[in-house]
Every structure is written in C-alpha cells, then in structure tokens.
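Below is one structure, written out as structure tokens; comments come after it.
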Amino acid sequence: MEQTVIQRPLPDAEHKRKRAIRLSRVLGRALIYFALLFMGAGFAMPLLWMVSTSLKTDPQVYHVPPIWFPNPLRLRNYPEMLSQYPFGVYLVNTLRYALPTSVGVMVSSALVGYSFARISWWGRDVLFFLCLATMMIPFQVTMIPLYLIFRNLGWLNSYKPLVIPTFFGNAYYIFLLRQFFLTIPQAISDAAHVDGASELCIFLRIVLPLSRPVLAVVCLFQFMGAWNNYLGPLIYLNREDLFPLALGLQQMRPLMTQAKALLWPYLMAASTCVVLPVIIIFFLAQRTFVEGITVTGLKG
Amino acid sequence: MTATTQGLNRARRREVRRFITGVLFACPWIIGFVMFTIYPIGASLYYSFTRYDVVREPLFVGLGNYRNMLFEDATLRIAIGNTLYFVMIGVPAALAVSFLLASLLNNEVKGRPVFRTVFFLPSIVPAVASAEVWRWVYNPRYGLVNATLKAMGIAGIPFLSSPALAKPSLLLIEVWAQGTAIVVFLAALQDVPRSLYEAALVDGANAVQRFFHVTIPMCTPSILFIALTGLIGAFQYFTLGWLLTNGGPKQATEFYSVYLYRNAFRFFKMGYASALAWLLFILIVTFTIIVFRSSARWVYYGGEGS
C-alpha cells in the first residue's frame with residue numbers, strides 16, 4: 001500500500017473515490033450489525049422477559065418502569081410452583097403420550113419409506129403420490145369424523161386417539177425417510193440380494209443402521225410435535241388428571257388466581273419449564289435439526 | 001422356447017414376490033390411509049349434508065348447510081375476512097421479515113451462530129407457552145411494552161383488547177416464530193453462486209441492485225415453498241387465536257378454524273362444521289393453485305435455461 005503511494009502519488013480525485021468506497025463499506029457493515037442487533041434484541045425479548053419475570057416478587061412484577069434484572073432473584077418461584085400445582089402430573093402425562101408416538105411414527109414411517117424408496121412394486125408410485133397428497137388435506141376436514149370414530153370406540157379421555165394413529169405412519173416423515181433411503185447406494189442391496197438376504201433383513205441390518213441420524217430427526221420432530229400439540233389433546237381429553245402440559249398450562253391460570261398466588265412469576269416459571277426441554281433438545285441436536293428442515297424445505 | 005417362457009415365469013414370479021413384499025412394508029400406511037384419511041373424508045362429506053348434534057342420528061338436509069354458509073352466516077363472512085387478512089398480509093409480511101433476517105445472517109458477521117439461534121428459537125417455543133408469554137408482554141398495564149411506555153409518560157397500547165390492534169398483535173407473534181423460513185432461506189442464500197455476484201459487480205450493479213436482481217431471483221424456489229406452506233398454515237391458524245383472544249374483541253379475531261372448532265365442539269353442530277371444513281379445503285386448494293400457477297412467471301429454476 002505504502003509502496004504504491006511512494007511510487008505514484010494518487011491523484012486527489014481517485015484518492016477521494018477510494019475513501020468513499022471504503023467509507024460506504026464500513027457504513028454497510030455498521031448497518032448490518034445495527035439491524036442484526038436491533039432485530040435480535042426484539043426477537044430475544046419475549047423469552048428473556050419470561051425468564052426475568054419468573055424470578056420476581058410481586059412488587060417487582062408490577063414495577064414501572066419494568067425491571068429486567070430483579071434483585072434479589074426469587075429462585076424459590078420454581079420449587080413453589082412445581083410443588084403447589086400439578087405441573088409434574090402434566091409432565092408425566094405429556095411423556096406418556098409423546099414417547100409412544102415418537103416410537104410409533106419412527107417404526108411405521110421407516111417401513112413405509114423403505115417400501116417407497118427401495119422396493120419397486122406395481123402401484124408404488126401411485127400410492128406414494130397419494131401419500132404426498134394427503135399432506136394437502138387440512139386436519140379440519142378429518143377432525144370431526146376422527147373424533148366420532150374414537151368416541152364410538154370409547155377412546156375419548158385416553159391417549160389412544162393421539163397415539164394409535166401414529167403407528168400407521170405419517171406422510172411427512174415417510175417422505176423425509178424415503179428421500180434419505182434413496183441416497184443409500186442400490187449396489188449394497190443388490191449384493192445382499194445375491195447373498196440371499198431377504199428384504200426385511202436388508203432393511204434391519206443394512207439400511208436402518210445407516211439411517212440413524214435421520215431416524216433421530218424423525219423421533220425428535222415427532223416428540224416436539226407431540227409436546228407442542230394443543231388441538232389434539234383439546235379435542236380428545238377433558239379430564240384434568242389426563243391433561244398434558246399443553247392443556248395443563250392453561251389450567252394453571254385459574255388455579256393460581258383462585259389461590260391468590262404470585263400469578264405472573266409462577267405462570268412464567270411454568271412457561272419456562274415448558275420451553276426449556278425444547279430448547280435443550282434443540283441445542284443437543286442443532287445440526288440434525290437444521291438439516292432436517294433444509295432437506296424437506298428444499299426438496300419438498 | 002421353453003427356456004424363455006421359464007425365464008418369463010421366473011421374472012413374473014419375482015415381480016409378484018416384490019409386489020407382496022412392497023405392499024407388506026407399506027401396509028401400515030395403506031391401512032392408516034383407509035382408516036384415518038379415506039373413511040374420514042367420505043364421512044365428513046356425508047356429514048356436511050346433514051344436521052348432526054352427536055346425540056341424535058344425523059338428519060339429511062341436502063345442501064342446507066352450504067346454503068346457510070353462503071347466504072346467511074354473517075359470522076362466517078367475518079371469519080373469512082379475518083383469515084384472508086392473515087393470508088394476504090400476514091404471509092407476505094412474515095416472508096419478507098424472515099428473508100431479510102436470513103440475508104442479514106448470510107453476511108460474514110461476528111457472533112453469527114448466536115444471532116441464528118436467537119432468530120430460530122421462537123419457532124420451536126410451544127404455542128401454549130408463547131401464548132402465556134405474549135399475553136404477559138402485551139398486558140395492558142404491566143406488560144413489558146406498556147409499562148415501558150408508561151414510564152415515559154405515553155399512554156398504553158391496548159394490543160389484544162382493541163378490535164383494530166388485535167389482528168396485527170397476533171400477526172406479530174407469527175412473524176416472531178418464523179425460524180423455519182429463516183433456515184430454509186439461509187440455505188438457499190448460501191447456494192447462490194458467487195460468480196453471479198461477481199458478474200453483477202463487473203456490470204456495475206450496487207448492493208441493492210444485486211439484492212433485487214441476483215439474490216431474490218435465485219431464491220424464488222424457496223420463496224414459493226415458504227409462501228405455500230405459510231398460506232396453508234394461515235388458513236388453519238388456530239391455537240394462538242383460540243388461547244389469546246378467542247374470537248374477540250368484537251369478532252376481530254374470529255378466524256376460520258376457531259369458528260369451525262366452536263361450531264363442532266362447543267355448539268356440537270357437527271354437520272355444519274363439516275361443511276365449513278370442506279369450504280376451508282376448497283379455499284386452501286384455490287389459493288394454492290393460484291399461487292402455483294403464478295409461480296411460472298416469477299419462480300426461476302436454475303436449470304431451465306435463460
């Protein structure tokens with residue numbers, strides 16, 4: 001740089017132009033950082049506000065202007081909320097149906113995805129197309145007849161309506177798994193066929209072990225889907241002792257108002273407890289997550 | 001001669017065996033498809049022509065439900081209007097914000113993983129929890145926004161209790177939870193070939209021109225994907241509307257799915273709700289087709305020449 005200056009002093013105009021370019025680049029960077037920080041603060045605000053409120057006393061909650069860092073921190077809100085309200089019951093209920101659906105969806109969707117990806121049979125492509133088409137049908141269309149079926153079977157107020165259907169595969173996961181199975185070289189299957197291996201054997205011994213990451217994605221997505229599901233439990237469950245967290249969290253507000261408890265701190269503590277597992281799962285499996293979204297997002 | 005027929009037979013036998021294995025592997029979905037999709041669709045179509053309160057047998061009323069829906073139900077008209085607001089304004093707004101955020105994240109900036117996480121996390125927050133959190137943020141007196149405003153001597157904003165603001169307030173929550181779209185856009189942005197930007201730079205295009213003439217056209221396939229999934233989601237918008245405003249104030253947030261749910265499981269008008277579900281399906285399909293048709297004009301697929 002200095003060398004060029006010594007060799008040939010820049011004409012004034014060119015010097016100015018270069019400085020202007022550098023200035024605009026710096027300004028551009030500053031603008032990007034400013035926008036990221038501004039939007040980032042906005043996006044982070046509700047969850048930070050939730051955690052902050054969960055650690056407050058009542059006077060701190062109703063303080064104007066709002067307090068971001070309560071002093072002292074009232075950590076006791078958590079054990080108090082957990083012991084005074086049936087959060088634990090709701091949690092166990094959630095697990096009681098979320099875990100079986102994860103297993104069910106994974107096993108059934110893997111079988112079906114394998115059939116659609118690696119066995120070529122008459123009518124397969126038509127059925128695969130139908131399978132994709134079912135994703136277009138809004139839940140509202142099948143919701144009422146499904147409710148009536150499960151009602152006639154006496155399955156209301158049980159987890160069966162939420163669990164059993166997942167054992168019949170889910171179009172979205174079938175698609176996800178099929179896309180993955182297609183990437184496994186056909187030569188491996190052919191070699192196994194020559195050695196006399198059955199299709200089931202190839203599926204269990206070769207394809208499934210190779211597919212662990214994508215199976216994990218399916219399990220995770222389904223678990224979180226069940227954890228977040230509101231409409232399903234709302235339709236099928238009306239006994240409070242069966243409520244999962246999604247319904248239970250709503251149930252806690254009237255209970256707390258009745259008990260004249262620390263309403264907002266407790267509610268925010270409960271909300272934090274509902275959000276936290278999801279965030280932990282996300283951090284543990286960040287990469288699989290993002291891959292799962294991009295695979296279905298770009299190829300779908 | 002016999003050798004070839006034998007070969008043919010063997011080939012056929014193998015095909016039959018493959019068919020049987022294929023069907024066996026796929027049978028969970030095939031059975032589920034019949035029980036949980038085909039039958040409910042048929043039943044729903046049948047119920048839509050009946051009056052059915054669950055207690056008594058369904059009573060066939062012909063096109064009565066549809067006639068009510070189209071000519072008499074004023075609430076439905078409001079619900080369709082509210083839902084279209086979400087579809088026509090909410091979906092593009094959410095798409096624009098998430099595309100902008102993805103573009104910002106696509107720069108070489110310090111702390112990019114932190115920003116990415118901050119923008120993505122809201123999308124995995126369970127709807128019930130985000131309902132509680134936003135109810136508190138929007139609280140008219142002590143919520144984060146209004147308490148701050150009050151401290152500055154500014155009157156509070158009635159986010160959820162004013163008919164004019166309720167929909168935009170709910171919309172803001174949706175925009176907040178667009179992490180999936182951001183991830184999809186970020187992946188698309190990273191796939192835009194460097195050479196295109198260099199060529200544009202040589203041609204003297206500035207940053208804004210490069211954004212509109214290189215970045216956006218190259219990302220149109222994923223924009224289409226996000227627009228379609230967003231559209232379908234907006235038509236089915238339920239949980240937060242149900243939990244936060246439940247139709248009110250003055251029906252400003254009476255969304256289609258909320259109204260449908262109320263008819264089915266609060267008023268037990270199963271027949272009418274089924275007809276509503278079919279109208280919803282028709283609306284979704286129509287809008288999807290319109291967007292899909294239009295995509296031929298604005299979506300650019302790298303491989304197709306030009």
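Naming scheme: A, B, ... for chains in displayed order of the structure tokens; residues 1 onward per chain; ligands 1 onward as shown.
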> Can you list, as number ranges by chain, every residue of segment 25-94 of chain B that DSSP puts in alpha helix (DSSP H)?
Replying inline: B: 25-33, 39-47, 64-71, 74-85, 91-94
> Can you list, as a ChimeraX atom specification, every protein, DNA or RNA residue that comes within 12 Å of Gly232 of chain A when you count only C-alpha atoms, leaving out same-chain residues fewer than 3 positions away?
Replying inline: /A:97,139-140,143-144,146-147,156-163,165,225-229,235-238,243-244,246-247 /B:238-239,261
Restrict the selected residues to N, CA and C atoms and save them as a compact mmCIF listing (two decimals), in the first residue's frame.
# COMPACT_ATOMS: atom_id res chain seq x y z
N TYR A 97 -47.75 -39.80 26.39
CA TYR A 97 -48.20 -39.96 25.01
C TYR A 97 -47.16 -39.53 23.98
N PHE A 139 -56.30 -30.68 8.56
CA PHE A 139 -56.76 -31.52 9.67
C PHE A 139 -58.24 -31.30 9.93
N GLN A 140 -58.72 -30.07 9.68
CA GLN A 140 -60.12 -29.75 9.96
C GLN A 140 -61.10 -30.66 9.22
N MET A 143 -60.95 -34.04 11.09
CA MET A 143 -61.04 -33.89 12.55
C MET A 143 -62.36 -34.42 13.12
N ILE A 144 -63.48 -34.03 12.51
CA ILE A 144 -64.77 -34.38 13.07
C ILE A 144 -65.06 -35.88 12.98
N LEU A 146 -62.89 -38.27 12.74
CA LEU A 146 -61.95 -38.97 13.62
C LEU A 146 -62.45 -38.89 15.06
N TYR A 147 -62.90 -37.71 15.47
CA TYR A 147 -63.44 -37.56 16.82
C TYR A 147 -64.59 -38.53 17.04
N LEU A 156 -62.28 -41.68 23.98
CA LEU A 156 -62.13 -40.32 24.48
C LEU A 156 -61.61 -40.40 25.90
N ASN A 157 -60.91 -39.34 26.34
CA ASN A 157 -60.28 -39.35 27.64
C ASN A 157 -59.32 -40.51 27.83
N SER A 158 -58.59 -40.80 26.74
CA SER A 158 -57.45 -41.70 26.83
C SER A 158 -56.45 -41.20 25.80
N TYR A 159 -55.23 -41.72 25.85
CA TYR A 159 -54.23 -41.24 24.90
C TYR A 159 -54.28 -42.00 23.58
N LYS A 160 -55.20 -43.01 23.51
CA LYS A 160 -55.24 -43.83 22.29
C LYS A 160 -55.46 -43.01 21.02
N PRO A 161 -56.40 -42.04 20.99
CA PRO A 161 -56.59 -41.30 19.74
C PRO A 161 -55.35 -40.52 19.32
N LEU A 162 -54.50 -40.20 20.29
CA LEU A 162 -53.29 -39.44 19.95
C LEU A 162 -52.14 -40.37 19.57
N VAL A 163 -52.17 -41.60 20.11
CA VAL A 163 -51.03 -42.50 19.93
C VAL A 163 -51.23 -43.47 18.78
N PRO A 165 -52.96 -43.69 15.94
CA PRO A 165 -52.78 -43.32 14.53
C PRO A 165 -51.31 -43.12 14.11
N GLY A 225 -43.38 -32.23 18.26
CA GLY A 225 -44.73 -32.01 17.76
C GLY A 225 -45.76 -32.40 18.81
N ALA A 226 -45.54 -33.55 19.46
CA ALA A 226 -46.47 -34.00 20.49
C ALA A 226 -46.42 -33.08 21.70
N TRP A 227 -45.23 -32.67 22.07
CA TRP A 227 -45.03 -31.76 23.20
C TRP A 227 -45.79 -30.44 22.97
N ASN A 228 -45.80 -29.99 21.70
CA ASN A 228 -46.43 -28.71 21.36
C ASN A 228 -47.90 -28.84 21.02
N ASN A 229 -48.36 -30.05 20.71
CA ASN A 229 -49.71 -30.24 20.18
C ASN A 229 -50.77 -29.73 21.16
N ILE A 235 -59.29 -31.73 21.84
CA ILE A 235 -60.47 -32.42 21.33
C ILE A 235 -60.76 -33.70 22.11
N TYR A 236 -59.69 -34.46 22.40
CA TYR A 236 -59.92 -35.80 22.91
C TYR A 236 -59.94 -35.91 24.43
N LEU A 237 -59.38 -34.92 25.13
CA LEU A 237 -59.25 -35.05 26.58
C LEU A 237 -60.04 -33.96 27.27
N ASN A 238 -60.90 -34.34 28.24
CA ASN A 238 -61.44 -33.28 29.08
C ASN A 238 -61.37 -33.59 30.56
N PHE A 243 -54.59 -34.31 31.49
CA PHE A 243 -54.07 -33.22 30.67
C PHE A 243 -52.56 -33.29 30.50
N PRO A 244 -52.09 -33.13 29.27
CA PRO A 244 -50.66 -32.90 29.07
C PRO A 244 -50.35 -31.43 29.33
N ALA A 246 -49.63 -29.00 27.45
CA ALA A 246 -50.25 -28.03 26.56
C ALA A 246 -51.59 -27.56 27.12
N LEU A 247 -52.38 -28.49 27.65
CA LEU A 247 -53.65 -28.10 28.24
C LEU A 247 -53.47 -27.65 29.69
N PHE B 238 -54.98 -21.47 14.39
CA PHE B 238 -55.94 -21.78 15.44
C PHE B 238 -55.43 -21.45 16.85
N THR B 239 -54.36 -22.14 17.27
CA THR B 239 -54.03 -22.21 18.70
C THR B 239 -53.90 -20.83 19.37
N TYR B 261 -63.99 -24.79 14.95
CA TYR B 261 -63.86 -25.55 16.19
C TYR B 261 -65.05 -25.27 17.12
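Among the candidate residues B:Tyr256, B:Trp176, B:Tyr300, B:Phe212, the one lying nearest to chain A is B:Trp176, with distances computed using only C-alpha atoms.
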> Which residues come within 12 Å of segment 251-259 of chain A, counting only C-alpha atoms, excluding same-chain residues fewer than 2 positions away, as JSON, numbers by chain?
Replying inline: {"A": [80, 81, 82, 84, 85, 86, 87, 90, 234, 238, 239, 240, 241, 242, 243, 244, 245, 246, 247, 248, 249, 261, 262, 263, 264, 265, 266, 267, 268, 269, 270, 271], "B": [128, 132, 135, 243]}
Contacts of Tyr33 of chain A within 10 Å, only C-alpha atoms, excl. fewer than 3 positions in-chain, as a PDB file with N, CA and C atoms, in the first residue's frame:
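Saved as result_4.pdb:
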ATOM      1  N   LEU A  27     -19.791   1.681   6.456  1.00  0.00           N
ATOM      2  CA  LEU A  27     -21.170   2.040   6.801  1.00  0.00           C
ATOM      3  C   LEU A  27     -22.099   0.854   6.597  1.00  0.00           C
ATOM      4  N   GLY A  28     -21.886   0.126   5.500  1.00  0.00           N
ATOM      5  CA  GLY A  28     -22.703  -1.055   5.206  1.00  0.00           C
ATOM      6  C   GLY A  28     -22.591  -2.084   6.318  1.00  0.00           C
ATOM      7  N   ARG A  29     -21.332  -2.348   6.749  1.00  0.00           N
ATOM      8  CA  ARG A  29     -21.120  -3.300   7.848  1.00  0.00           C
ATOM      9  C   ARG A  29     -21.852  -2.818   9.096  1.00  0.00           C
ATOM     10  N   ALA A  30     -21.698  -1.522   9.381  1.00  0.00           N
ATOM     11  CA  ALA A  30     -22.330  -0.962  10.584  1.00  0.00           C
ATOM     12  C   ALA A  30     -23.837  -1.144  10.515  1.00  0.00           C
ATOM     13  N   LEU A  36     -28.954  -6.361  12.789  1.00  0.00           N
ATOM     14  CA  LEU A  36     -28.932  -7.655  13.485  1.00  0.00           C
ATOM     15  C   LEU A  36     -29.157  -7.474  14.981  1.00  0.00           C
ATOM     16  N   LEU A  37     -28.478  -6.487  15.557  1.00  0.00           N
ATOM     17  CA  LEU A  37     -28.609  -6.273  16.997  1.00  0.00           C
ATOM     18  C   LEU A  37     -30.024  -5.825  17.349  1.00  0.00           C
ATOM     19  N   PHE A  38     -30.565  -4.930  16.537  1.00  0.00           N
ATOM     20  CA  PHE A  38     -31.903  -4.403  16.792  1.00  0.00           C
ATOM     21  C   PHE A  38     -32.938  -5.529  16.706  1.00  0.00           C
ATOM     22  N   MET A  39     -32.920  -6.273  15.589  1.00  0.00           N
ATOM     23  CA  MET A  39     -33.877  -7.364  15.416  1.00  0.00           C
ATOM     24  C   MET A  39     -33.630  -8.474  16.440  1.00  0.00           C
TER      25      MET A  39
ATOM     26  N   LEU B 104     -29.451 -10.903   6.252  1.00  0.00           N
ATOM     27  CA  LEU B 104     -28.522 -10.305   7.214  1.00  0.00           C
ATOM     28  C   LEU B 104     -27.574 -11.364   7.760  1.00  0.00           C
ATOM     29  N   LEU B 105     -28.144 -12.550   8.058  1.00  0.00           N
ATOM     30  CA  LEU B 105     -27.326 -13.618   8.626  1.00  0.00           C
ATOM     31  C   LEU B 105     -26.348 -14.174   7.603  1.00  0.00           C
ATOM     32  N   ASN B 107     -24.308 -12.618   5.888  1.00  0.00           N
ATOM     33  CA  ASN B 107     -23.054 -11.871   5.853  1.00  0.00           C
ATOM     34  C   ASN B 107     -22.059 -12.477   6.829  1.00  0.00           C
ATOM     35  N   VAL B 109     -20.538 -12.072   9.704  1.00  0.00           N
ATOM     36  CA  VAL B 109     -20.574 -11.208  10.878  1.00  0.00           C
ATOM     37  C   VAL B 109     -20.107 -11.974  12.098  1.00  0.00           C
ATOM     38  N   LYS B 110     -19.600 -11.231  13.066  1.00  0.00           N
ATOM     39  CA  LYS B 110     -19.176 -11.864  14.321  1.00  0.00           C
ATOM     40  C   LYS B 110     -20.415 -12.327  15.072  1.00  0.00           C
TER      41      LYS B 110
END
> Near segment 3-18 of chain B, within 9 Å and counting only C-alpha atoms, which residues show up once chain neighbours fewer than 2 positions away are dropped, as a PyMOL selection string?
Replying inline: (chain A and resi 119-122) or (chain B and resi 1+20-23)
> Near Tyr197 of chain B, within 12 Å and counting only C-alpha atoms, which residues show up once chain neighbours fewer than 3 positions away are dropped, as an MDAnalysis selection string?
Replying inline: chainID B and resid 189 192:194 200:215 218
> Which value, in Å to one decimal, gives the distance between atom CA of Phe175 of chain A and atom CA of Ile38 of chain B?
Replying inline: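 Answer for the atom CA of Phe175 of chain A to atom CA of Ile38 of chain B separation: 19.3 Å.
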Using only C-alpha atoms, which residues sit within 10 Å of Cys219 of chain A once same-chain residues fewer than 6 positions away are excluded, as a PDB file with C-alpha atoms, in the first residue's frame?
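So out_3.pdb came out as:
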ATOM      1  CA  ALA A  98     -45.273 -38.146  23.385  1.00  0.00           C
ATOM      2  CA  LEU A  99     -42.792 -41.008  23.774  1.00  0.00           C
ATOM      3  CA  THR A 101     -45.886 -41.553  19.333  1.00  0.00           C
ATOM      4  CA  SER A 102     -42.183 -40.969  18.628  1.00  0.00           C
ATOM      5  CA  VAL A 103     -41.501 -44.693  18.573  1.00  0.00           C
ATOM      6  CA  GLY A 104     -44.649 -45.457  16.602  1.00  0.00           C
ATOM      7  CA  VAL A 105     -44.067 -42.868  13.949  1.00  0.00           C
ATOM      8  CA  MET A 106     -40.425 -43.807  13.535  1.00  0.00           C
ATOM      9  CA  VAL A 107     -41.003 -47.553  13.144  1.00  0.00           C
ATOM     10  CA  TYR A 173     -41.835 -38.446   7.866  1.00  0.00           C
ATOM     11  CA  PRO A 213     -29.276 -39.654  12.028  1.00  0.00           C
ATOM     12  CA  GLY A 225     -44.732 -32.014  17.755  1.00  0.00           C
TER      13      GLY A 225
END
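Across A:Pro145, A:Pro277, A:Gly154, A:Pro233, the tightest approach to Met35 of chain B is made by A:Pro145 when counting only C-alpha atoms.
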> To one decimal place, how far is atom CA of Val34 of chain B from atom CA of Arg262 of chain B in Å?
Replying inline: 27.5 Å
